[in-house]
Structure formats: structure tokens, C-alpha cells
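A.B. asks: My questions all concern the structure below.
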Amino acid sequence: MASEVNSINLQATKTQISPNQSTEITASVRDPNDNFVKNSTINFSLQDNTGGQLSSSVATTNSQGQAQVTYFSGTSTSAKDGITVTASHANGTSDTLALTVGGQALRITLGTGNEISEPNTTTYSQPWTAIVNDANGNAAANQLVELSVTPISYVKGKYRPPVESDGEPTGRWIFEPAVSCPSEDINNNGSLDTGEDTNANGTLEPDSSATTPTTATTSASGTADFNLTYLQSECSWVTVELTAVTRVGGTESDATQRFSLPCLADDLAYNENNPVTPAPGTSSPYGEAADCSISD
């Protein structure tokens, strides 16, 4: 009967599991001639900062040379391969196995394409997608994503028609920003508070002219699609911050994108024989002066 331990091979039924799940850990023990070693004592140790546990720290090999314990994951997720289990024999022979506890939403990403639509004559709609995945990059399905959009700054300036000296063969209206001003709503509460009315006109600038759904839910692929809707008259004049938040097990993950509200390209086309005002208007709704302290 083989008795000298020469090698240990450690394997798990699953190396990627969700919180509050388990996986069997098996140490296969062989002698120098590659025979299984029966009745050998194997010690198991665990390095895990997520609260996981092993069913036992010691197991004895059976007739197939296998010693088994069970790993029980905790309530938290880990980094990829962030948990290690080591099986060792008294003679110093050992092997180590890496595990990952995932299955919860740890990362969220926001993205969009290069097209916007025109639901009606006053608004634009821009499609966005939130992708939610766990530590392994696996899709987090049925995950609630909270959405919000906040105006960050506004531009004062104007659009002017192209002239031949500009060399603009496309005939597009020319954007001429005068100054970019930060949002007057410093605490983002939607109310005009003391010290916020920089240009002393009695209102907050810029207008809250963009909206999203309150929430979206991820599909089986971990994606949640939604539309950002905003006024055509605000395109190019207002910069917003789009935020998506997902919460699991008391932890929060978020993603943000900051961008100027885009205009539909066709709405910036200029035809000298039939001039049409560009969608954002020829003047900014916040004025043309290069000074944030006045409303002109």
C-alpha cells in the first residue's frame, strides 16, 4: 500500500461561487510512483477576508487518495482569485487553489452610441446603456439601477451662419461660445438658496432640462437600456452629469458620464437659400456676454 506522500493536487467543484454558497475542495494525494495514498492526514488552511470558512482544517484520504472539505462563502464578494485554500502534508508537500466569490453587482459602466432621435419638434432622445457585472465580469441580472441627471454648467454665446471665408463646405451653423459658467445650484437641491444667484436674475441657471427614468433593471445579459430626454433648445448650451447607481448588500457602486447635450446634425445644417434657425437657437438662452455675473 502506498504511504509516502509525494504530490498533492487541489481542485474544487466550482472555483467561482456567489455569496452564501459552498463548493467541495478535494485534495488528491499520490506517492512517487503516482499511486494514490490512503489514510494520509492532510491539513487545510484558508486565506479569506470575506468571512468564508472551511468545514474542517483536517481530512484523511480515502481509498482513492482523496481528502475532502467544504468551503462556505460569506456574505461579501472577493477580488478575482482573492481567496486561497492550501492543502499540506506534514512532510511539507502542498498545493494551493484560488477561489472567487462573485455574483453581486460590484461594477457598473455607462455608455451610449453616436445617434440621437427626435421624438417631437421640441425634444431629443439619446439612448444609453448601463452594464452591471460582478468581480468575475459575469452579468448581474435583475439588478436595479437608479438613474439621475444633473446640470453641471452652461454656455453663453451664439451660433452664426457660415461664410465663404470660413471654408465650411458642409454649410453648418458655426458654434461660437463666449464663456462656460458653472451651475448656480451649488448644493444640487433644485432651490435658489442664498449666495447661489451669481447673475442676480432671480432664477437658477442652467435649467433642469434633461430627464431619465428613475430606475432601470438589468436583463439576463447584465444590461439596462434607457433614454435621456432633453429640450432641443438646450443642446450645446448645457453640460450634464449622468449618474447610475446600484446597491447590493449594503454596498454601493456608481458610474458617471459628464457631457454637453448634443444636437442632431441635421438641425445644425445651413441652407443660404432657405435659412432655418438651428435647433439650439442662434443665441444661448443664457445670454451672449462673456461674463457669468450678468444675465445678458
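Chain labels A, B, ... are given in the sequence in which chains occur in the C-alpha cells; within each chain residues are numbered consecutively from 1, and ligands are likewise numbered from 1 in the order shown.
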Excluding region 148-162 of chain A and any residue of its chain fewer than 3 positions from it, enumerate the residues within 8 Å of it, using only C-alpha atoms, and give them as a PDB file with C-alpha atoms, in the first residue's frame.
C.D. replies:
ATOM      1  CA  ASP A 166     -14.574  80.074 -43.173  1.00  0.00           C
ATOM      2  CA  GLU A 168     -17.156  75.439 -44.465  1.00  0.00           C
ATOM      3  CA  GLY A 171     -22.746  74.606 -44.631  1.00  0.00           C
ATOM      4  CA  ARG A 172     -23.201  74.116 -40.872  1.00  0.00           C
ATOM      5  CA  TRP A 173     -24.044  76.798 -38.358  1.00  0.00           C
ATOM      6  CA  ILE A 174     -20.865  77.875 -36.527  1.00  0.00           C
ATOM      7  CA  PHE A 175     -20.806  77.493 -32.737  1.00  0.00           C
ATOM      8  CA  GLU A 176     -19.207  80.494 -31.023  1.00  0.00           C
ATOM      9  CA  PRO A 177     -19.146  80.027 -27.234  1.00  0.00           C
ATOM     10  CA  ALA A 178     -18.341  83.151 -25.229  1.00  0.00           C
ATOM     11  CA  VAL A 179     -17.889  81.648 -21.745  1.00  0.00           C
ATOM     12  CA  SER A 180     -18.733  78.500 -19.778  1.00  0.00           C
ATOM     13  CA  CYS A 181     -20.339  79.124 -16.382  1.00  0.00           C
ATOM     14  CA  PRO A 182     -20.721  76.634 -13.506  1.00  0.00           C
ATOM     15  CA  SER A 183     -24.194  75.683 -12.354  1.00  0.00           C
ATOM     16  CA  ASN A 188     -27.940  70.472  -6.238  1.00  0.00           C
ATOM     17  CA  GLU A 205     -29.002  78.604 -14.235  1.00  0.00           C
ATOM     18  CA  PRO A 206     -28.884  76.359 -16.113  1.00  0.00           C
ATOM     19  CA  ASP A 207     -32.392  74.980 -16.463  1.00  0.00           C
ATOM     20  CA  SER A 208     -33.037  71.381 -15.449  1.00  0.00           C
ATOM     21  CA  ALA A 210     -32.805  66.776 -19.208  1.00  0.00           C
ATOM     22  CA  THR A 211     -34.556  63.752 -17.707  1.00  0.00           C
ATOM     23  CA  THR A 212     -34.088  59.990 -17.320  1.00  0.00           C
ATOM     24  CA  PRO A 213     -36.273  57.227 -15.907  1.00  0.00           C
ATOM     25  CA  THR A 214     -35.942  56.956 -12.121  1.00  0.00           C
ATOM     26  CA  SER A 236     -24.791  72.536 -26.936  1.00  0.00           C
ATOM     27  CA  TRP A 237     -25.601  75.149 -24.241  1.00  0.00           C
ATOM     28  CA  VAL A 238     -25.765  72.811 -21.208  1.00  0.00           C
ATOM     29  CA  THR A 239     -23.362  70.212 -19.773  1.00  0.00           C
ATOM     30  CA  VAL A 240     -24.878  67.495 -17.579  1.00  0.00           C
ATOM     31  CA  GLU A 241     -23.666  64.666 -15.380  1.00  0.00           C
ATOM     32  CA  LEU A 242     -25.467  61.358 -15.833  1.00  0.00           C
ATOM     33  CA  THR A 243     -25.217  59.003 -12.850  1.00  0.00           C
ATOM     34  CA  ALA A 244     -26.161  55.334 -12.457  1.00  0.00           C
ATOM     35  CA  TYR A 270     -27.404  75.754 -43.021  1.00  0.00           C
ATOM     36  CA  PRO A 278     -30.568  75.866 -35.653  1.00  0.00           C
ATOM     37  CA  GLY A 281     -31.283  78.847 -31.451  1.00  0.00           C
ATOM     38  CA  THR A 282     -28.900  81.494 -32.729  1.00  0.00           C
ATOM     39  CA  SER A 283     -28.266  82.780 -29.205  1.00  0.00           C
ATOM     40  CA  SER A 284     -27.768  80.945 -25.934  1.00  0.00           C
ATOM     41  CA  PRO A 285     -30.825  81.089 -23.659  1.00  0.00           C
ATOM     42  CA  TYR A 286     -28.348  82.280 -21.014  1.00  0.00           C
ATOM     43  CA  GLY A 287     -27.039  85.238 -22.968  1.00  0.00           C
ATOM     44  CA  GLU A 288     -24.053  86.050 -25.184  1.00  0.00           C
ATOM     45  CA  ALA A 289     -21.837  88.144 -22.893  1.00  0.00           C
ATOM     46  CA  ALA A 290     -18.534  86.607 -21.825  1.00  0.00           C
TER      47      ALA A 290
END
A.B. asks: Please list as a CSV table (one decimal) with all heavy atoms, in the first residue's frame every residue within 6 Å of Asn20 (chain A), counting only C-alpha atoms and excluding residues in the same chain fewer than 2 positions away.
C.D. replies:
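In the end it all went to around.csv:
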chain,number,residue,atom,x,y,z
A,73,SER,N,-18.8,30.2,1.5
A,73,SER,CA,-18.6,31.6,1.3
A,73,SER,C,-19.4,32.4,2.3
A,73,SER,O,-20.4,32.0,2.8
A,73,SER,CB,-18.9,32.0,-0.1
A,73,SER,OG,-20.3,31.8,-0.4
A,74,GLY,N,-18.9,33.6,2.6
A,74,GLY,CA,-19.6,34.6,3.5
A,74,GLY,C,-20.6,35.4,2.7
A,74,GLY,O,-21.0,35.0,1.6
A,75,THR,N,-20.9,36.6,3.2
A,75,THR,CA,-21.9,37.4,2.7
A,75,THR,C,-21.3,38.5,1.7
A,75,THR,O,-22.0,39.2,1.0
A,75,THR,CB,-22.6,38.2,3.8
A,75,THR,OG1,-21.7,38.9,4.6
A,75,THR,CG2,-23.4,37.2,4.6
A.B. asks: Would you pick out the contacts of Ile17 (chain A) at 10 Å or less, using only C-alpha atoms, so that residues sharing its chain but fewer than 2 positions from it are not included, and give the list as a list in words?
C.D. replies: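 Here the qualifying residues turn out to be Lys14, Thr15, Pro19, Asn20, Gln21, Ser22, Thr23, Phe72, Ser73, Thr77, Leu99, Thr100, Val101, Gly102, Gly103 and Asn136 of chain A.
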A.B. asks: Given the selection you just returned, output its residues as a file containing C-alpha atoms, formatted as a short mmCIF file (atom, residue, chain, number, x, y, z; two decimals), in the first residue's frame.
C.D. replies:
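Dumped everything to part.cif:
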data_model
loop_
_atom_site.label_atom_id
_atom_site.label_comp_id
_atom_site.auth_asym_id
_atom_site.auth_seq_id
_atom_site.Cartn_x
_atom_site.Cartn_y
_atom_site.Cartn_z
CA LYS A 14 -16.57 25.32 -8.54
CA THR A 15 -13.88 27.98 -8.27
CA PRO A 19 -22.04 34.76 -1.50
CA ASN A 20 -23.60 32.27 0.93
CA GLN A 21 -22.84 29.30 -1.29
CA SER A 22 -20.46 26.36 -0.97
CA THR A 23 -18.04 24.30 -3.03
CA PHE A 72 -18.63 28.03 2.66
CA SER A 73 -18.58 31.58 1.31
CA THR A 77 -17.67 39.32 -2.55
CA LEU A 99 -11.37 30.87 -5.41
CA THR A 100 -13.54 33.86 -6.27
CA VAL A 101 -16.76 34.89 -4.57
CA GLY A 102 -18.81 36.95 -7.00
CA GLY A 103 -22.43 37.08 -8.08
CA ASN A 136 -15.54 37.96 -12.48
#
A.B. asks: Quick one: pick out all strand (DSSP E or B) residues within region 101-271 of chain A from a backbone DSSP run and write them as a VMD selection string.
C.D. replies: chain A and resid 101 107 to 112 117 123 to 133 139 144 to 160 172 174 to 182 210 to 211 215 to 217 223 to 231 238 to 248 251 to 260 269
A.B. asks: Rounded to one decimal, what separation in Å do you get between CA of Asp197 (chain A) and CA of Thr122 (chain A)?
C.D. replies: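 One can read the CA of Asp197 (chain A) to CA of Thr122 (chain A) distance as 27.6 Å.
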A.B. asks: Based on DSSP run over this structure's backbone, return all residues of region 14-250 of chain A in helix (DSSP H, G or I), as a list in words.
C.D. replies: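 Of region 14-250 of chain A, the ones in helix (DSSP H, G or I) are Glu164, Ser165, Asp166, Gln232, Ser233 and Glu234 of chain A.
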A.B. asks: Please produce an output containing all heavy atoms for each residue in the selection, written as an mmCIF file, in the first residue's frame.
C.D. replies:
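Final file, result_11.cif:
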data_model
loop_
_atom_site.group_PDB
_atom_site.id
_atom_site.type_symbol
_atom_site.label_atom_id
_atom_site.label_comp_id
_atom_site.auth_asym_id
_atom_site.auth_seq_id
_atom_site.Cartn_x
_atom_site.Cartn_y
_atom_site.Cartn_z
ATOM 1 N N GLU A 164 -18.162 82.187 -46.683
ATOM 2 C CA GLU A 164 -17.206 81.539 -47.580
ATOM 3 C C GLU A 164 -15.790 81.570 -47.037
ATOM 4 O O GLU A 164 -15.017 80.635 -47.212
ATOM 5 C CB GLU A 164 -17.267 82.198 -48.952
ATOM 6 C CG GLU A 164 -16.477 81.457 -50.021
ATOM 7 C CD GLU A 164 -16.702 82.043 -51.399
ATOM 8 O OE1 GLU A 164 -17.649 82.841 -51.559
ATOM 9 O OE2 GLU A 164 -15.940 81.692 -52.305
ATOM 10 N N SER A 165 -15.433 82.646 -46.332
ATOM 11 C CA SER A 165 -14.072 82.760 -45.824
ATOM 12 C C SER A 165 -13.747 81.714 -44.763
ATOM 13 O O SER A 165 -12.596 81.440 -44.473
ATOM 14 C CB SER A 165 -13.841 84.160 -45.243
ATOM 15 O OG SER A 165 -14.742 84.399 -44.159
ATOM 16 N N ASP A 166 -14.803 81.108 -44.180
ATOM 17 C CA ASP A 166 -14.574 80.074 -43.173
ATOM 18 C C ASP A 166 -14.209 78.736 -43.788
ATOM 19 O O ASP A 166 -13.785 77.804 -43.089
ATOM 20 C CB ASP A 166 -15.828 79.877 -42.299
ATOM 21 C CG ASP A 166 -16.089 81.088 -41.422
ATOM 22 O OD1 ASP A 166 -15.131 81.660 -40.888
ATOM 23 O OD2 ASP A 166 -17.267 81.443 -41.307
ATOM 24 N N GLN A 232 -34.516 70.441 -27.152
ATOM 25 C CA GLN A 232 -33.642 70.787 -28.263
ATOM 26 C C GLN A 232 -33.012 72.166 -28.065
ATOM 27 O O GLN A 232 -31.863 72.397 -28.441
ATOM 28 C CB GLN A 232 -34.417 70.755 -29.579
ATOM 29 C CG GLN A 232 -34.904 69.365 -29.981
ATOM 30 C CD GLN A 232 -35.578 69.347 -31.336
ATOM 31 O OE1 GLN A 232 -35.394 70.255 -32.145
ATOM 32 N NE2 GLN A 232 -36.361 68.308 -31.612
ATOM 33 N N SER A 233 -33.731 73.064 -27.445
ATOM 34 C CA SER A 233 -33.224 74.421 -27.253
ATOM 35 C C SER A 233 -32.053 74.494 -26.286
ATOM 36 O O SER A 233 -31.383 75.521 -26.198
ATOM 37 C CB SER A 233 -34.354 75.333 -26.746
ATOM 38 O OG SER A 233 -34.889 74.836 -25.535
ATOM 39 N N GLU A 234 -31.785 73.382 -25.555
ATOM 40 C CA GLU A 234 -30.681 73.370 -24.603
ATOM 41 C C GLU A 234 -29.440 72.661 -25.154
ATOM 42 O O GLU A 234 -28.383 72.688 -24.515
ATOM 43 C CB GLU A 234 -31.116 72.670 -23.318
ATOM 44 C CG GLU A 234 -32.269 73.344 -22.597
ATOM 45 C CD GLU A 234 -31.860 74.621 -21.897
ATOM 46 O OE1 GLU A 234 -30.944 74.568 -21.063
ATOM 47 O OE2 GLU A 234 -32.457 75.668 -22.188
#
A.B. asks: Could you pull the residues within 8 Å of Thr26 (chain A), counting only C-alpha atoms, minus those fewer than 6 positions along the same chain, as a PDB file with C-alpha atoms, in the first residue's frame?
C.D. replies:
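What landed in out_20.pdb:
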ATOM      1  CA  LEU A  10      -6.073  20.503  -5.106  1.00  0.00           C
ATOM      2  CA  GLN A  11      -9.322  21.045  -7.018  1.00  0.00           C
ATOM      3  CA  ALA A  12     -12.801  22.483  -6.401  1.00  0.00           C
ATOM      4  CA  GLN A  66      -8.742  11.905  -1.798  1.00  0.00           C
ATOM      5  CA  ALA A  67      -9.285  14.158   1.218  1.00  0.00           C
ATOM      6  CA  GLN A  68     -12.290  16.463   1.068  1.00  0.00           C
ATOM      7  CA  VAL A  69     -13.512  19.571   2.874  1.00  0.00           C
TER       8      VAL A  69
END
A.B. asks: Calculated over only C-alpha atoms, which of the candidates A:Ser209, A:Thr217, A:Ser253, A:Ser260 has the smallest distance to Tyr230 (chain A)?
C.D. replies: A:Ser209
A.B. asks: Using only C-alpha atoms, which of the listed residues (A:Ala79, A:Leu264, A:Ile25, A:Cys292) sits closest to Glu118 (chain A)?
C.D. replies: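 Going through A:Ala79, A:Leu264, A:Ile25, A:Cys292 one by one, the smallest distance to Glu118 (chain A) is for A:Leu264.
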A.B. asks: So how many Å separate CA of Asp31 (chain A) and CA of Asn62 (chain A), to one decimal?
C.D. replies: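 So the answer is 14.2 Å.
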A.B. asks: As a ChimeraX atom specification, please: the residues near Ala140 (chain A) (cut-off 9 Å, only C-alpha atoms, same-chain neighbours under 6 positions excluded).
C.D. replies: /A:103-105,131-134,218-223
A.B. asks: Write a file of the selected residues as a compact mmCIF listing (two decimals), in the first residue's frame, keeping all heavy atoms.
C.D. replies:
# COMPACT_ATOMS: atom_id res chain seq x y z
N GLY A 103 -20.98 37.18 -8.02
CA GLY A 103 -22.43 37.08 -8.08
C GLY A 103 -23.17 38.30 -7.61
O GLY A 103 -24.38 38.37 -7.74
N GLN A 104 -22.44 39.30 -7.05
CA GLN A 104 -23.08 40.54 -6.66
C GLN A 104 -22.60 41.66 -7.56
O GLN A 104 -21.54 41.59 -8.16
CB GLN A 104 -22.77 40.87 -5.20
CG GLN A 104 -23.46 39.96 -4.20
CD GLN A 104 -23.23 40.42 -2.78
OE1 GLN A 104 -22.19 40.97 -2.47
NE2 GLN A 104 -24.19 40.16 -1.93
N ALA A 105 -23.37 42.70 -7.64
CA ALA A 105 -23.03 43.83 -8.50
C ALA A 105 -21.92 44.65 -7.86
O ALA A 105 -22.12 45.28 -6.84
CB ALA A 105 -24.26 44.70 -8.73
N ILE A 131 -24.18 48.80 -17.85
CA ILE A 131 -23.76 47.40 -17.74
C ILE A 131 -23.32 47.13 -16.31
O ILE A 131 -22.48 47.85 -15.77
CB ILE A 131 -22.62 47.07 -18.71
CG1 ILE A 131 -23.08 47.23 -20.16
CG2 ILE A 131 -22.08 45.66 -18.48
CD1 ILE A 131 -22.01 46.95 -21.19
N VAL A 132 -23.90 46.09 -15.71
CA VAL A 132 -23.58 45.74 -14.32
C VAL A 132 -23.01 44.32 -14.30
O VAL A 132 -23.62 43.39 -14.85
CB VAL A 132 -24.83 45.81 -13.42
CG1 VAL A 132 -24.45 45.54 -11.97
CG2 VAL A 132 -25.49 47.18 -13.54
N ASN A 133 -21.84 44.16 -13.68
CA ASN A 133 -21.25 42.83 -13.56
C ASN A 133 -20.59 42.64 -12.21
O ASN A 133 -20.43 43.59 -11.44
CB ASN A 133 -20.27 42.54 -14.71
CG ASN A 133 -19.21 43.61 -14.85
OD1 ASN A 133 -18.77 44.20 -13.87
ND2 ASN A 133 -18.80 43.89 -16.07
N ASP A 134 -20.22 41.38 -11.93
CA ASP A 134 -19.60 41.07 -10.66
C ASP A 134 -18.09 41.06 -10.79
O ASP A 134 -17.53 41.48 -11.81
CB ASP A 134 -20.13 39.75 -10.09
CG ASP A 134 -19.78 38.54 -10.97
OD1 ASP A 134 -18.90 38.67 -11.85
OD2 ASP A 134 -20.37 37.47 -10.77
N THR A 218 -31.58 45.48 -14.97
CA THR A 218 -30.72 44.76 -15.91
C THR A 218 -31.40 43.48 -16.41
O THR A 218 -32.13 42.82 -15.69
CB THR A 218 -29.37 44.39 -15.28
OG1 THR A 218 -29.58 43.60 -14.11
CG2 THR A 218 -28.59 45.63 -14.90
N SER A 219 -31.09 43.15 -17.65
CA SER A 219 -31.59 41.91 -18.27
C SER A 219 -30.66 40.76 -17.90
O SER A 219 -29.72 40.92 -17.10
CB SER A 219 -31.62 42.08 -19.79
OG SER A 219 -30.30 42.27 -20.28
N ALA A 220 -30.88 39.60 -18.51
CA ALA A 220 -30.03 38.44 -18.26
C ALA A 220 -28.59 38.70 -18.67
O ALA A 220 -27.67 38.08 -18.15
CB ALA A 220 -30.58 37.22 -19.00
N SER A 221 -28.39 39.63 -19.58
CA SER A 221 -27.03 39.96 -20.04
C SER A 221 -26.37 41.02 -19.18
O SER A 221 -25.26 41.46 -19.47
CB SER A 221 -27.07 40.44 -21.49
OG SER A 221 -27.84 41.62 -21.61
N GLY A 222 -27.05 41.46 -18.11
CA GLY A 222 -26.49 42.47 -17.22
C GLY A 222 -26.58 43.88 -17.74
O GLY A 222 -25.92 44.78 -17.23
N THR A 223 -27.41 44.11 -18.75
CA THR A 223 -27.54 45.45 -19.34
C THR A 223 -28.92 46.04 -19.05
O THR A 223 -29.92 45.33 -19.02
CB THR A 223 -27.32 45.41 -20.85
OG1 THR A 223 -28.33 44.58 -21.47
CG2 THR A 223 -25.95 44.86 -21.19
A.B. asks: Find the distance between CA of Ala255 (chain A) and CA of Asn189 (chain A) and write it in Å to one decimal.
C.D. replies: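 Distance between the two atoms: 20.4 Å.
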A.B. asks: Counting only C-alpha atoms, which of A:Gly65, A:Gly52, A:Gly82, A:Gly111 gets nearest to Phe226 (chain A)?
C.D. replies: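 Using only C-alpha atoms, the shortest distance to Phe226 (chain A) belongs to A:Gly111.
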A.B. asks: Would you mind listing what lies within 9 Å of Trp128 (chain A) as a VMD selection string, with only C-alpha atoms counted and same-chain residues fewer than 6 positions away left out?
C.D. replies: chain A and resid 110 to 113 224 to 228
